[in-house]
Structures are given as C-alpha cells and as structure tokens.
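Novice: Below is the file protein-v6.cif, which contains mmCIF, C-alpha atoms and all ligand atoms.
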data_data
loop_
_atom_site.group_PDB
_atom_site.id
_atom_site.type_symbol
_atom_site.label_atom_id
_atom_site.label_comp_id
_atom_site.auth_asym_id
_atom_site.auth_seq_id
_atom_site.Cartn_x
_atom_site.Cartn_y
_atom_site.Cartn_z
ATOM 1 C CA MET M 1146 -5.331 181.982 -149.709
ATOM 2 C CA ALA M 1147 -3.402 178.885 -148.670
ATOM 3 C CA TYR M 1148 0.218 178.978 -149.785
ATOM 4 C CA THR M 1149 1.898 176.035 -151.504
ATOM 5 C CA ILE M 1150 4.823 176.523 -149.140
ATOM 6 C CA SER M 1151 4.815 178.442 -145.909
ATOM 7 C CA ALA M 1152 8.083 178.548 -143.961
ATOM 8 C CA ASP M 1153 8.229 180.479 -140.729
ATOM 9 C CA GLY M 1154 11.251 181.155 -138.564
ATOM 10 C CA LEU M 1155 13.361 178.180 -139.704
ATOM 11 C CA ARG M 1156 16.619 177.596 -137.854
ATOM 12 C CA LYS M 1157 19.201 174.827 -138.175
ATOM 13 C CA ARG M 1158 22.591 174.560 -136.502
ATOM 14 C CA TYR M 1159 25.405 172.090 -137.265
ATOM 15 C CA GLY M 1160 27.851 172.263 -134.343
ATOM 16 C CA ASP M 1161 29.188 175.825 -134.421
ATOM 17 C CA VAL M 1162 27.622 176.652 -137.758
ATOM 18 C CA GLN M 1163 24.235 178.338 -137.775
ATOM 19 C CA ALA M 1164 23.397 177.136 -141.289
ATOM 20 C CA VAL M 1165 19.847 178.531 -141.334
ATOM 21 C CA ASP M 1166 19.209 181.483 -139.054
ATOM 22 C CA GLY M 1167 15.560 182.497 -139.086
ATOM 23 C CA VAL M 1168 14.219 181.959 -142.592
ATOM 24 C CA SER M 1169 10.596 182.776 -143.432
ATOM 25 C CA PHE M 1170 8.901 182.899 -146.809
ATOM 26 C CA ASP M 1171 5.742 181.848 -148.610
ATOM 27 C CA VAL M 1172 5.428 180.455 -152.132
ATOM 28 C CA GLU M 1173 2.183 180.666 -154.082
ATOM 29 C CA GLU M 1174 0.749 177.982 -156.279
ATOM 30 C CA GLY M 1175 2.280 178.090 -159.766
ATOM 31 C CA GLU M 1176 5.090 180.384 -158.718
ATOM 32 C CA PHE M 1177 8.696 179.974 -159.864
ATOM 33 C CA PHE M 1178 10.607 180.852 -156.706
ATOM 34 C CA GLY M 1179 14.393 181.140 -156.499
ATOM 35 C CA ILE M 1180 16.736 181.022 -153.533
ATOM 36 C CA LEU M 1181 19.878 182.837 -154.557
ATOM 37 C CA GLY M 1182 23.035 182.840 -152.493
ATOM 38 C CA PRO M 1183 26.764 182.192 -152.411
ATOM 39 C CA ASN M 1184 28.232 178.843 -151.329
ATOM 40 C CA GLY M 1185 27.497 178.088 -147.697
ATOM 41 C CA ALA M 1186 24.552 180.514 -147.549
ATOM 42 C CA GLY M 1187 22.271 177.760 -146.223
ATOM 43 C CA LYS M 1188 20.231 177.214 -149.394
ATOM 44 C CA THR M 1189 20.488 173.410 -149.426
ATOM 45 C CA THR M 1190 19.797 173.119 -145.716
ATOM 46 C CA ALA M 1191 16.703 175.330 -145.973
ATOM 47 C CA LEU M 1192 15.481 173.339 -148.958
ATOM 48 C CA GLU M 1193 16.056 169.996 -147.207
ATOM 49 C CA ILE M 1194 13.995 171.151 -144.241
ATOM 50 C CA ILE M 1195 11.138 172.139 -146.534
ATOM 51 C CA GLU M 1196 11.408 168.876 -148.499
ATOM 52 C CA GLY M 1197 11.125 166.923 -145.248
ATOM 53 C CA LEU M 1198 14.659 165.488 -145.475
ATOM 54 C CA ARG M 1199 15.885 167.323 -142.387
ATOM 55 C CA GLU M 1200 14.333 168.378 -139.123
ATOM 56 C CA ALA M 1201 14.513 172.073 -138.272
ATOM 57 C CA ASP M 1202 15.797 173.064 -134.823
ATOM 58 C CA GLU M 1203 13.134 175.748 -134.773
ATOM 59 C CA GLY M 1204 10.357 177.072 -136.931
ATOM 60 C CA THR M 1205 7.432 175.623 -138.818
ATOM 61 C CA VAL M 1206 6.875 174.556 -142.412
ATOM 62 C CA SER M 1207 3.771 173.691 -144.300
ATOM 63 C CA VAL M 1208 3.997 172.144 -147.773
ATOM 64 C CA LEU M 1209 0.764 171.762 -149.746
ATOM 65 C CA GLY M 1210 -0.975 172.282 -146.432
ATOM 66 C CA LEU M 1211 0.895 169.495 -144.629
ATOM 67 C CA PRO M 1212 3.920 169.380 -142.318
ATOM 68 C CA PRO M 1213 6.831 167.706 -144.208
ATOM 69 C CA TRP M 1214 8.518 166.442 -141.019
ATOM 70 C CA PRO M 1215 8.349 163.690 -139.884
ATOM 71 C CA ARG M 1216 8.343 162.250 -143.400
ATOM 72 C CA ASN M 1217 4.855 162.440 -144.669
ATOM 73 C CA SER M 1218 3.820 159.648 -147.015
ATOM 74 C CA LYS M 1219 0.826 161.674 -148.218
ATOM 75 C CA LEU M 1220 3.176 164.375 -149.389
ATOM 76 C CA LEU M 1221 5.822 162.310 -151.181
ATOM 77 C CA PRO M 1222 3.821 161.556 -154.354
ATOM 78 C CA ARG M 1223 2.943 165.236 -154.673
ATOM 79 C CA ILE M 1224 6.473 166.644 -154.594
ATOM 80 C CA GLY M 1225 9.490 166.095 -156.833
ATOM 81 C CA VAL M 1226 12.975 166.500 -155.418
ATOM 82 C CA GLN M 1227 16.200 166.881 -157.320
ATOM 83 C CA LEU M 1228 19.101 166.775 -154.896
ATOM 84 C CA GLN M 1229 22.269 168.796 -155.328
ATOM 85 C CA ALA M 1230 24.356 165.647 -155.784
ATOM 86 C CA SER M 1231 22.320 163.469 -158.104
ATOM 87 C CA SER M 1232 22.684 159.751 -157.727
ATOM 88 C CA PHE M 1233 21.428 156.996 -159.978
ATOM 89 C CA PHE M 1234 21.029 153.271 -159.747
ATOM 90 C CA GLU M 1235 24.235 151.748 -161.061
ATOM 91 C CA ARG M 1236 24.536 150.186 -164.489
ATOM 92 C CA LEU M 1237 21.016 151.029 -165.601
ATOM 93 C CA THR M 1238 20.253 152.881 -168.804
ATOM 94 C CA ALA M 1239 18.590 156.287 -168.774
ATOM 95 C CA ARG M 1240 15.229 154.704 -169.638
ATOM 96 C CA GLU M 1241 15.623 152.010 -166.962
ATOM 97 C CA GLN M 1242 16.398 154.657 -164.332
ATOM 98 C CA LEU M 1243 13.162 156.417 -165.134
ATOM 99 C CA GLN M 1244 11.172 153.210 -165.305
ATOM 100 C CA THR M 1245 12.522 152.263 -161.882
ATOM 101 C CA PHE M 1246 11.475 155.610 -160.412
ATOM 102 C CA ALA M 1247 8.109 155.266 -162.144
ATOM 103 C CA SER M 1248 7.491 151.851 -160.605
ATOM 104 C CA LEU M 1249 8.524 153.119 -157.141
ATOM 105 C CA TYR M 1250 5.806 155.733 -157.450
ATOM 106 C CA GLY M 1251 3.319 153.357 -159.022
ATOM 107 C CA VAL M 1252 3.023 155.286 -162.286
ATOM 108 C CA PRO M 1253 2.933 153.528 -165.679
ATOM 109 C CA ALA M 1254 6.376 152.709 -167.115
ATOM 110 C CA ARG M 1255 5.491 154.481 -170.383
ATOM 111 C CA ARG M 1256 5.782 157.756 -168.443
ATOM 112 C CA ALA M 1257 9.541 157.108 -168.614
ATOM 113 C CA ASP M 1258 9.626 157.677 -172.369
ATOM 114 C CA ALA M 1259 7.476 160.791 -172.094
ATOM 115 C CA MET M 1260 9.941 162.213 -169.565
ATOM 116 C CA LEU M 1261 12.973 161.351 -171.706
ATOM 117 C CA GLU M 1262 11.304 163.268 -174.500
ATOM 118 C CA ALA M 1263 10.515 166.227 -172.210
ATOM 119 C CA VAL M 1264 14.161 166.663 -171.217
ATOM 120 C CA GLY M 1265 15.521 165.946 -174.683
ATOM 121 C CA LEU M 1266 17.101 162.594 -173.888
ATOM 122 C CA THR M 1267 15.160 160.295 -176.207
ATOM 123 C CA ALA M 1268 18.305 159.589 -178.226
ATOM 124 C CA LYS M 1269 20.108 158.572 -175.011
ATOM 125 C CA ALA M 1270 17.386 156.244 -173.698
ATOM 126 C CA GLY M 1271 19.573 153.137 -174.079
ATOM 127 C CA GLU M 1272 22.728 154.736 -172.701
ATOM 128 C CA ARG M 1273 24.031 153.726 -169.306
ATOM 129 C CA VAL M 1274 24.052 156.615 -166.858
ATOM 130 C CA GLU M 1275 27.836 156.469 -166.396
ATOM 131 C CA LYS M 1276 28.199 157.376 -170.063
ATOM 132 C CA LEU M 1277 26.001 160.475 -169.963
ATOM 133 C CA SER M 1278 27.624 163.923 -170.064
ATOM 134 C CA GLY M 1279 27.207 166.231 -167.061
ATOM 135 C CA GLY M 1280 24.351 168.075 -168.722
ATOM 136 C CA GLN M 1281 22.612 164.872 -169.770
ATOM 137 C CA ALA M 1282 22.903 163.409 -166.262
ATOM 138 C CA GLN M 1283 21.525 166.648 -164.827
ATOM 139 C CA ARG M 1284 18.534 166.505 -167.194
ATOM 140 C CA LEU M 1285 17.973 162.841 -166.332
ATOM 141 C CA SER M 1286 17.894 163.669 -162.630
ATOM 142 C CA ILE M 1287 15.286 166.342 -163.319
ATOM 143 C CA ALA M 1288 13.272 163.813 -165.316
ATOM 144 C CA CYS M 1289 13.480 161.433 -162.324
ATOM 145 C CA ALA M 1290 12.148 164.200 -160.051
ATOM 146 C CA LEU M 1291 9.210 164.727 -162.435
ATOM 147 C CA VAL M 1292 8.295 161.197 -163.452
ATOM 148 C CA HIS M 1293 5.375 160.943 -161.004
ATOM 149 C CA ASP M 1294 3.921 164.286 -162.174
ATOM 150 C CA PRO M 1295 4.367 166.211 -158.913
ATOM 151 C CA GLU M 1296 2.590 169.507 -158.237
ATOM 152 C CA LEU M 1297 5.624 171.003 -156.545
ATOM 153 C CA VAL M 1298 9.223 170.582 -157.718
ATOM 154 C CA PHE M 1299 12.429 171.345 -155.804
ATOM 155 C CA LEU M 1300 15.647 171.771 -157.764
ATOM 156 C CA ASP M 1301 18.944 172.333 -155.960
ATOM 157 C CA GLU M 1302 21.392 174.069 -158.318
ATOM 158 C CA PRO M 1303 20.116 172.166 -161.350
ATOM 159 C CA THR M 1304 22.441 173.887 -163.800
ATOM 160 C CA ALA M 1305 25.656 173.881 -161.765
ATOM 161 C CA ALA M 1306 28.650 172.906 -163.913
ATOM 162 C CA LEU M 1307 26.722 172.846 -167.184
ATOM 163 C CA ASP M 1308 27.986 174.450 -170.378
ATOM 164 C CA PRO M 1309 26.023 177.461 -171.717
ATOM 165 C CA GLN M 1310 24.090 175.401 -174.288
ATOM 166 C CA ALA M 1311 23.024 172.812 -171.739
ATOM 167 C CA ARG M 1312 22.001 175.553 -169.283
ATOM 168 C CA ARG M 1313 19.798 177.293 -171.836
ATOM 169 C CA ASN M 1314 18.209 173.994 -172.873
ATOM 170 C CA LEU M 1315 17.495 173.202 -169.264
ATOM 171 C CA TRP M 1316 15.982 176.651 -168.698
ATOM 172 C CA ASP M 1317 13.533 175.887 -171.508
ATOM 173 C CA VAL M 1318 12.632 172.591 -169.841
ATOM 174 C CA LEU M 1319 12.078 174.324 -166.488
ATOM 175 C CA ARG M 1320 9.939 177.085 -168.021
ATOM 176 C CA GLU M 1321 7.818 174.448 -169.706
ATOM 177 C CA ILE M 1322 7.342 172.561 -166.431
ATOM 178 C CA ASN M 1323 6.293 175.800 -164.734
ATOM 179 C CA THR M 1324 3.982 176.827 -167.581
ATOM 180 C CA GLU M 1325 2.196 173.512 -167.165
ATOM 181 C CA GLY M 1326 1.130 174.815 -163.754
ATOM 182 C CA ARG M 1327 3.711 173.274 -161.434
ATOM 183 C CA THR M 1328 5.209 175.280 -158.610
ATOM 184 C CA ILE M 1329 9.015 175.333 -158.742
ATOM 185 C CA VAL M 1330 11.522 176.167 -156.041
ATOM 186 C CA LEU M 1331 15.076 176.392 -157.322
ATOM 187 C CA THR M 1332 18.373 177.314 -155.735
ATOM 188 C CA THR M 1333 21.148 178.835 -157.776
ATOM 189 C CA HIS M 1334 24.135 181.083 -157.569
ATOM 190 C CA TYR M 1335 23.724 182.194 -161.176
ATOM 191 C CA MET M 1336 22.201 185.671 -161.268
ATOM 192 C CA ASP M 1337 21.191 185.505 -164.917
ATOM 193 C CA GLU M 1338 19.408 182.231 -164.240
ATOM 194 C CA ALA M 1339 17.388 183.697 -161.387
ATOM 195 C CA GLU M 1340 16.662 186.853 -163.358
ATOM 196 C CA SER M 1341 15.506 184.897 -166.371
ATOM 197 C CA LEU M 1342 13.472 182.145 -164.709
ATOM 198 C CA CYS M 1343 12.118 183.262 -161.372
ATOM 199 C CA ASP M 1344 8.947 185.189 -160.583
ATOM 200 C CA ARG M 1345 10.425 185.988 -157.198
ATOM 201 C CA VAL M 1346 13.799 185.457 -155.566
ATOM 202 C CA ALA M 1347 15.053 185.405 -152.013
ATOM 203 C CA ILE M 1348 18.658 186.534 -151.711
ATOM 204 C CA MET M 1349 20.207 184.522 -148.906
ATOM 205 C CA ASP M 1350 23.554 184.766 -147.127
ATOM 206 C CA ALA M 1351 24.854 183.439 -143.810
ATOM 207 C CA GLY M 1352 21.582 181.632 -143.091
ATOM 208 C CA ARG M 1353 19.307 184.630 -143.565
ATOM 209 C CA ILE M 1354 17.162 186.075 -146.304
ATOM 210 C CA LEU M 1355 18.501 189.551 -147.015
ATOM 211 C CA ARG M 1356 15.920 190.592 -149.565
ATOM 212 C CA MET M 1357 13.019 189.047 -151.418
ATOM 213 C CA GLY M 1358 10.938 190.084 -154.400
ATOM 214 C CA PRO M 1359 10.607 189.931 -158.178
ATOM 215 C CA PRO M 1360 14.063 190.345 -159.781
ATOM 216 C CA ALA M 1361 13.039 193.531 -161.614
ATOM 217 C CA THR M 1362 11.763 195.110 -158.393
ATOM 218 C CA LEU M 1363 14.994 194.295 -156.570
ATOM 219 C CA VAL M 1364 17.029 195.776 -159.411
ATOM 220 C CA ARG M 1365 14.918 198.950 -159.516
ATOM 221 C CA GLY M 1366 15.337 199.347 -155.782
ATOM 222 C CA LEU M 1367 19.091 199.539 -156.228
ATOM 223 C CA ASP M 1368 20.211 203.127 -156.585
ATOM 224 C CA SER M 1369 22.948 202.592 -159.144
ATOM 225 C CA PRO M 1370 23.775 204.545 -162.294
ATOM 226 C CA ALA M 1371 23.216 203.360 -165.862
ATOM 227 C CA ARG M 1372 26.283 202.929 -168.090
ATOM 228 C CA ILE M 1373 26.163 204.236 -171.635
ATOM 229 C CA SER M 1374 28.926 203.089 -173.931
ATOM 230 C CA VAL M 1375 29.999 203.817 -177.502
ATOM 231 C CA PRO M 1376 33.101 202.626 -179.348
ATOM 232 C CA SER M 1377 36.172 204.807 -178.724
ATOM 233 C CA GLY M 1378 36.467 207.625 -181.260
ATOM 234 C CA VAL M 1379 32.726 208.243 -181.583
ATOM 235 C CA LEU M 1380 32.883 211.073 -179.029
ATOM 236 C CA PRO M 1381 35.925 212.726 -177.385
ATOM 237 C CA LEU M 1382 36.202 212.004 -173.654
ATOM 238 C CA ASP M 1383 36.138 215.691 -172.673
ATOM 239 C CA ASP M 1384 32.947 216.214 -174.669
ATOM 240 C CA ALA M 1385 31.429 213.170 -172.985
ATOM 241 C CA ARG M 1386 32.206 214.560 -169.526
ATOM 242 C CA ALA M 1387 30.543 217.869 -170.458
ATOM 243 C CA LEU M 1388 27.258 216.292 -171.604
ATOM 244 C CA PRO M 1389 24.225 217.339 -169.551
ATOM 245 C CA GLY M 1390 23.444 214.566 -167.055
ATOM 246 C CA ALA M 1391 26.812 212.813 -167.449
ATOM 247 C CA GLY M 1392 28.560 211.458 -164.353
ATOM 248 C CA GLU M 1393 31.931 209.696 -164.430
ATOM 249 C CA ALA M 1394 33.273 208.936 -167.908
ATOM 250 C CA ALA M 1395 36.260 206.879 -169.042
ATOM 251 C CA ASP M 1396 37.753 205.736 -172.338
ATOM 252 C CA ASP M 1397 39.987 202.647 -172.407
ATOM 253 C CA GLY M 1398 40.759 202.877 -176.111
ATOM 254 C CA VAL M 1399 38.074 200.307 -176.960
ATOM 255 C CA SER M 1400 34.968 201.852 -175.432
ATOM 256 C CA LEU M 1401 33.912 205.156 -173.999
ATOM 257 C CA VAL M 1402 31.710 204.556 -170.940
ATOM 258 C CA ILE M 1403 29.593 207.268 -169.344
ATOM 259 C CA GLU M 1404 27.870 206.706 -166.003
ATOM 260 C CA THR M 1405 24.656 208.592 -165.480
ATOM 261 C CA ARG M 1406 21.512 208.780 -163.382
ATOM 262 C CA ASP M 1407 19.750 210.577 -166.227
ATOM 263 C CA PRO M 1408 20.328 208.359 -169.272
ATOM 264 C CA SER M 1409 17.664 210.038 -171.404
ATOM 265 C CA ALA M 1410 19.375 213.449 -171.084
ATOM 266 C CA VAL M 1411 22.757 211.959 -171.978
ATOM 267 C CA VAL M 1412 21.404 209.996 -174.933
ATOM 268 C CA ALA M 1413 19.521 213.064 -176.226
ATOM 269 C CA ALA M 1414 22.717 215.150 -176.026
ATOM 270 C CA MET M 1415 24.670 212.384 -177.762
ATOM 271 C CA ALA M 1416 22.030 212.229 -180.504
ATOM 272 C CA ALA M 1417 22.352 216.012 -181.018
ATOM 273 C CA ARG M 1418 26.100 215.443 -181.584
ATOM 274 C CA ASN M 1419 25.408 212.517 -183.904
ATOM 275 C CA ALA M 1420 27.362 210.326 -181.477
ATOM 276 C CA LEU M 1421 25.103 207.284 -181.046
ATOM 277 C CA THR M 1422 26.946 204.917 -183.380
ATOM 278 C CA GLY M 1423 27.187 201.518 -181.655
ATOM 279 C CA VAL M 1424 25.598 202.804 -178.452
ATOM 280 C CA GLN M 1425 24.824 200.350 -175.631
ATOM 281 C CA ILE M 1426 22.997 201.157 -172.417
ATOM 282 C CA HIS M 1427 23.407 198.930 -169.383
ATOM 283 C CA GLY M 1428 21.282 199.238 -166.285
ATOM 284 C CA ALA M 1429 21.885 197.505 -162.972
ATOM 285 C CA THR M 1430 21.350 193.741 -162.905
ATOM 286 C CA LEU M 1431 20.452 191.246 -160.217
ATOM 287 C CA GLU M 1432 24.191 190.644 -159.895
ATOM 288 C CA ASP M 1433 24.633 194.258 -158.757
ATOM 289 C CA VAL M 1434 21.879 193.767 -156.159
ATOM 290 C CA PHE M 1435 23.492 190.538 -155.008
ATOM 291 C CA LEU M 1436 26.977 192.054 -154.647
ATOM 292 C CA GLU M 1437 25.554 195.111 -152.885
ATOM 293 C CA LEU M 1438 23.842 192.854 -150.337
ATOM 294 C CA THR M 1439 26.399 190.091 -149.880
ATOM 295 C CA GLY M 1440 29.657 192.007 -150.374
ATOM 296 C CA ARG M 1441 32.575 191.011 -152.537
ATOM 297 C CA GLU M 1442 34.685 188.800 -150.312
ATOM 298 C CA TYR M 1443 35.316 185.211 -151.388
ATOM 299 C CA ARG M 1444 33.186 182.399 -149.985
ATOM 300 C CA ALA M 1445 34.189 178.886 -149.038
HETATM 301 N N1 LIG J 1 25.589 167.962 -142.801
HETATM 302 C C1 LIG J 1 26.289 169.040 -142.391
HETATM 303 N N2 LIG J 1 27.070 168.995 -141.301
HETATM 304 C C2 LIG J 1 27.754 170.088 -140.878
HETATM 305 N N3 LIG J 1 27.742 171.292 -141.511
HETATM 306 C C3 LIG J 1 26.994 171.376 -142.610
HETATM 307 C C4 LIG J 1 26.226 170.271 -143.114
HETATM 308 N N4 LIG J 1 25.575 170.684 -144.231
HETATM 309 C C5 LIG J 1 25.915 171.973 -144.406
HETATM 310 N N5 LIG J 1 26.764 172.406 -143.444
HETATM 311 C C6 LIG J 1 27.268 173.785 -143.295
HETATM 312 O O1 LIG J 1 26.157 174.639 -143.194
HETATM 313 C C7 LIG J 1 26.349 175.821 -143.959
HETATM 314 C C8 LIG J 1 25.267 175.941 -145.010
HETATM 315 O O2 LIG J 1 25.444 174.893 -145.965
HETATM 316 P P1 LIG J 1 24.442 174.638 -147.158
HETATM 317 O O3 LIG J 1 23.057 174.589 -146.623
HETATM 318 O O4 LIG J 1 24.920 173.442 -147.893
HETATM 319 O O5 LIG J 1 24.624 175.971 -148.022
HETATM 320 P P2 LIG J 1 24.467 176.213 -149.596
HETATM 321 O O6 LIG J 1 23.583 175.157 -150.158
HETATM 322 O O7 LIG J 1 23.898 177.593 -149.683
HETATM 323 O O8 LIG J 1 25.842 176.167 -150.174
HETATM 324 C C9 LIG J 1 27.753 175.735 -144.530
HETATM 325 O O9 LIG J 1 28.619 176.412 -143.650
HETATM 326 C C10 LIG J 1 28.040 174.252 -144.518
HETATM 327 O O10 LIG J 1 29.408 174.008 -144.416
HETATM 328 MG MG MG J 2 23.804 173.871 -151.707
#
Please lay out the structure from this file as structure tokens.
Ligand SMILES: Nc1ncnc2c1ncn2[C@@H]1O[C@H](COP(=O)(O)OP(=O)(O)O)[C@@H](O)[C@H]1O
Ligand SMILES: [Mg+2]

Specialist:
Amino acid sequence: MAYTISADGLRKRYGDVQAVDGVSFDVEEGEFFGILGPNGAGKTTALEIIEGLREADEGTVSVLGLPPWPRNSKLLPRIGVQLQASSFFERLTAREQLQTFASLYGVPARRADAMLEAVGLTAKAGERVEKLSGGQAQRLSIACALVHDPELVFLDEPTAALDPQARRNLWDVLREINTEGRTIVLTTHYMDEAESLCDRVAIMDAGRILRMGPPATLVRGLDSPARISVPSGVLPLDDARALPGAGEAADDGVSLVIETRDPSAVVAAMAARNALTGVQIHGATLEDVFLELTGREYRA
C-alpha cells in the first residue's frame, strides 16, 4: 500500500544544532498522526520538511506519492498547512481572510462561509482579525488551512495557548475533519490532546523519534503501577498496606493512595472490607510514557 506520507532518514542541522537527527515514519491515508515532544524537540522542523517549506540535509520524503521539495505545485492544492505562528492579511475580516485564501486556491468564495460555520465562527464573520480572541484566531487559521478541501492537513500546535473550552471545541472540529476522511498530522506537547485525538503518536526529543505507536499501546508497554485512591478515613493506612497485592500506600489526610500491580486483588480485598466508598483507580497515562522517555529536566 502507498502511504500518504513516507519520511525516511530525515536530518536537518542549523549551525551547531542538529534539529532533526534521523527521523523516519509513515502515515496511512485517513490516519490522525501526532508528533509529541517538548520544546525544541524538532517537531516544527520535521513538519516543515514534510510540508515542502524546508529542504532536508539528508533523507527522503514522499507526500501523496510526490516529493514535496522543491516546492511542488501539484501538491499544494492537496495539502493544508497551519503554521505554528499564524499570520493573517491585515485589516481584513474573518470572512474576507477566508475568501482571499479561497480565491488564491481558485475555490468558490462561498466556501468561506461553510468554513466559518465548520469552525464555529459564523458570528464573527464580520470581525477584523485583530479583534479575534486567541482561540478564535486559531480556529480561523485552521479554517484557512482547510478552505481548499485538502486531503492532508498539517497542524503545528493548533491548541497552544487556548483555554480549556476553546481546546475542547477545537478537538471536536479536528475529529470531524478526520472523520470526513482527511489525513491529519498534528504536533503538540499536550499529552491529553494526543491521547484523545491521535490514532498513532511519535514521541520525539532531541531530533529523534523515541517511540511510536497507538497511545494505548505505548501506555500498556509502560511497566508502571496503578494507583487506587479512596478518601481518607475509609480505610486505615496500616490495613491498606496489609491488603493482598498492595504496594506502597500513603495517606495525606485527604486521600489514601495505594500503588499496586494487581489492582483487581486490591479492589476485591477492599470490597470485602466495605472500603470502596469514593474509590478511584488511575492507570498510567501517555504523560507517564512521555516523562519516562524524555526525562524530567526543563526544556528551553
Ligand atoms: N530557523 C532556525 N535557525 C536556527 N535554529 C533553529 C531554527 N529553527 C529551529 N531551530 C532550533 O532547532 C531545534 C528544533 O526546533 P523546532 O523544530 O522548532 O522544535 P519544536 O517545534 O519541537 O519546538 C531547536 O533547538 C531550535 O532552537
Ligand atoms: Mg514547534
């Protein structure tokens, strides 16, 4: 099967910085693929190479069966690109921005209104872009990337700096776009976003892909204990420590938390003691995988 994207051995150096250091991956048609990594990991650089905005020092890329570099005019109408720093034409309204993009791509101007509707900006159609909130501007830039109905969409940290409501609304928009059959490649440093949206993620740091797979598979591959918690007072700490299957346990006066690699044994023993009031069970998350792979030190 021909992949929608095939990247093989990509490398890119800026002076002393090896921004991308041997990146290879394939993306299938219709897939929602995430590149997850801390700041400076090389996500944007890798994406720009694949989008045809940057030339790789080494490696090969094929996008929809074509090489993206040098700029390929056959490819441009088939891909949508939302850049990390979105920029708009000055002093135009939201609708005029979209109409301008539409005319650049030779698609009917009425597509602009359909896109405003799709990203929930119909009420802001007549607003100048300078007056849009961060979340609204972000949604407009996604609408601009989609106005020509591309098969493949690239989104570079589309929800950075959005409030929780705007992020969730945007997730719905992105799911919808993907459900319609478009392939999406997104970069993010939000674990919950990757876990919720992506079919497959590549965890990237220092220019390399450290691990790749469906989020649930990556999480299952992490050998970390589950945490069972109940409100303090439901079960004495000493009793908790003595439960069959219990590992470390601690009580901070608000919650009693028991770590275990055998949660069913612990829960069964708690049930026998009638100590399941308010119980919560937390498994590992993609964030645990990410921290395990990339470490905990601060990034630039
Ligand atoms: N145009 C550039 N010139 C020089 N260094 C750059 C340039 N773009 C990115 N870098 C450096 O390359 C590394 C990777 O950057 P980038 O691809 O933007 O990572 P990310 O998107 O994951 O934050 C960083 O160390 C960054 O400072
Ligand atoms: Mg970036």

Novice: Where does the PyMOL selection byres (((chain M and resi 1349) around 10) and not hetatm) land in this file, that is, which residues does it pick, as a list in words?

Specialist: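 Output from the PyMOL selection byres (((chain M and resi 1349) around 10) and not hetatm), applied to this file: Val1165, Val1168, Ile1180, Leu1181, Gly1182, Pro1183, Gly1185, Ala1186, Gly1187, Lys1188, Val1346, Ala1347, Ile1348, Asp1350, Ala1351, Gly1352, Arg1353, Ile1354, Leu1355, Arg1356, Met1357, Phe1435, Leu1438 and Thr1439 of chain M.
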
Novice: Taking all atoms listed in the file into account, name the residue in M:Ala1311, M:Ile1403, M:Ile1426, M:Ala1385 that is nearest to Gly1279 (chain M).

Specialist: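 Comparing M:Ala1311, M:Ile1403, M:Ile1426, M:Ala1385 against Gly1279 (chain M), the winner is M:Ala1311.
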
Novice: At what distance in Å, to one decimal, does CA of Gly1423 (chain M) lie from CA of Ser1369 (chain M)?

Specialist: 22.9 Å

Novice: Between M:Gly1280, M:Gly1179, M:Pro1303, M:Gly1167, which is the closest to Val1226 (chain M) once you count all atoms listed in the file?

Specialist: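 Smallest separation from Val1226 (chain M) among the options: M:Pro1303.
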
Novice: Report as an NGL selection string which protein, DNA and RNA residues come within 10 Å of ligand MG 2 (chain J), using only C-alpha atoms and all ligand atoms.

Specialist: :M and (1182-1193 or 1228-1230 or 1301-1302 or 1332-1334)

Novice: Suppose you want the space between CA of Gly1154 (chain M) and CA of Tyr1335 (chain M); what is it in Å?

Specialist: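 CA of Gly1154 (chain M) sits 25.8 Å away from CA of Tyr1335 (chain M).
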
Novice: Identify all residues satisfying the PyMOL selection byres (((chain M and resi 1410) around 9) and not hetatm) in the given file; provide them as a ChimeraX atom specification.

Specialist: /M:1388-1391,1407-1409,1411-1415

Novice: Go through M:Val1208, M:Ala1288, M:Ala1259, M:Val1379 one by one, measure the shortest atom-to-atom distance of each to Gln1242 (chain M) using all atoms listed in the file, and give the residue with the smallest value.

Specialist: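 Closest residue, counting all atoms listed in the file: M:Ala1288.
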
Novice: Each side padded by 8 Å, which centre and which edge lengths in Å (one decimal) define the axis-aligned box around the listed atoms of ligand LIG 1 (chain J)? Give them as lines of an AutoDock Vina configuration file.

Specialist:
center_x = 26.2
center_y = 172.8
center_z = -145.5
size_x = 22.4
size_y = 25.6
size_z = 25.3

Novice: Taking (35.6, 200.2, -172.7) in the file's own coordinates, collect the residues within 12 Å, counting all atoms listed in the file, and hand them back as a list in words.

Specialist: Arg1372, Ile1373, Ser1374, Val1375, Pro1376, Ser1377, Gly1378, Leu1382, Ala1394, Ala1395, Asp1396, Asp1397, Gly1398, Val1399, Ser1400, Leu1401, Val1402, Ile1403, Val1424 and Gln1425 of chain M

Novice: Just how far from CA of Ser1278 (chain M) is CA of Leu1307 (chain M), in Å to one decimal?

Specialist: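 We find that CA of Leu1307 (chain M) and CA of Ser1278 (chain M) lie 9.4 Å from each other.
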
Novice: Which one of M:Asn1314, M:Thr1245, M:Ser1286, M:Thr1267 sits closest to Gln1227 (chain M) if you count only C-alpha atoms?

Specialist: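 Using only C-alpha atoms, Gln1227 (chain M) sits closest to M:Ser1286.
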
Novice: Please work out which residues fall within 10 Å of (9.0, 182.5, -142.6), coordinates as given in the file, with only C-alpha atoms counting, and return them as a count of residues only.

Specialist: 15

Novice: Just say which residues the PyMOL selection byres (((chain M and resi 1219-1223) around 7) and not hetatm) picks in this file, as an MDAnalysis selection string.

Specialist: chainID M and resid 1217:1218 1224:1225 1250 1293 1295:1297

Novice: Next, write the just-selected residues to a file, as a compact mmCIF listing (two decimals), keeping the file's coordinate frame, keeping C-alpha atoms as the atom set.

Specialist:
# COMPACT_ATOMS: atom_id res chain seq x y z
CA ASN M 1217 4.86 162.44 -144.67
CA SER M 1218 3.82 159.65 -147.01
CA ILE M 1224 6.47 166.64 -154.59
CA GLY M 1225 9.49 166.10 -156.83
CA TYR M 1250 5.81 155.73 -157.45
CA HIS M 1293 5.38 160.94 -161.00
CA PRO M 1295 4.37 166.21 -158.91
CA GLU M 1296 2.59 169.51 -158.24
CA LEU M 1297 5.62 171.00 -156.54

Novice: Counting all atoms listed in the file, which residue out of M:Ala1268, M:Ile1322, M:Leu1198, M:Met1336 sits closest to Ala1429 (chain M)?

Specialist: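 For Ala1429 (chain M), the nearest of the candidates is M:Met1336.
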
Novice: Ranking M:Val1274, M:Ala1339, M:Cys1289, M:Leu1237 by minimum distance to Asp1258 (chain M) and counting only C-alpha atoms, which one comes first?

Specialist: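 Going through M:Val1274, M:Ala1339, M:Cys1289, M:Leu1237 one by one, the smallest distance to Asp1258 (chain M) is for M:Cys1289.
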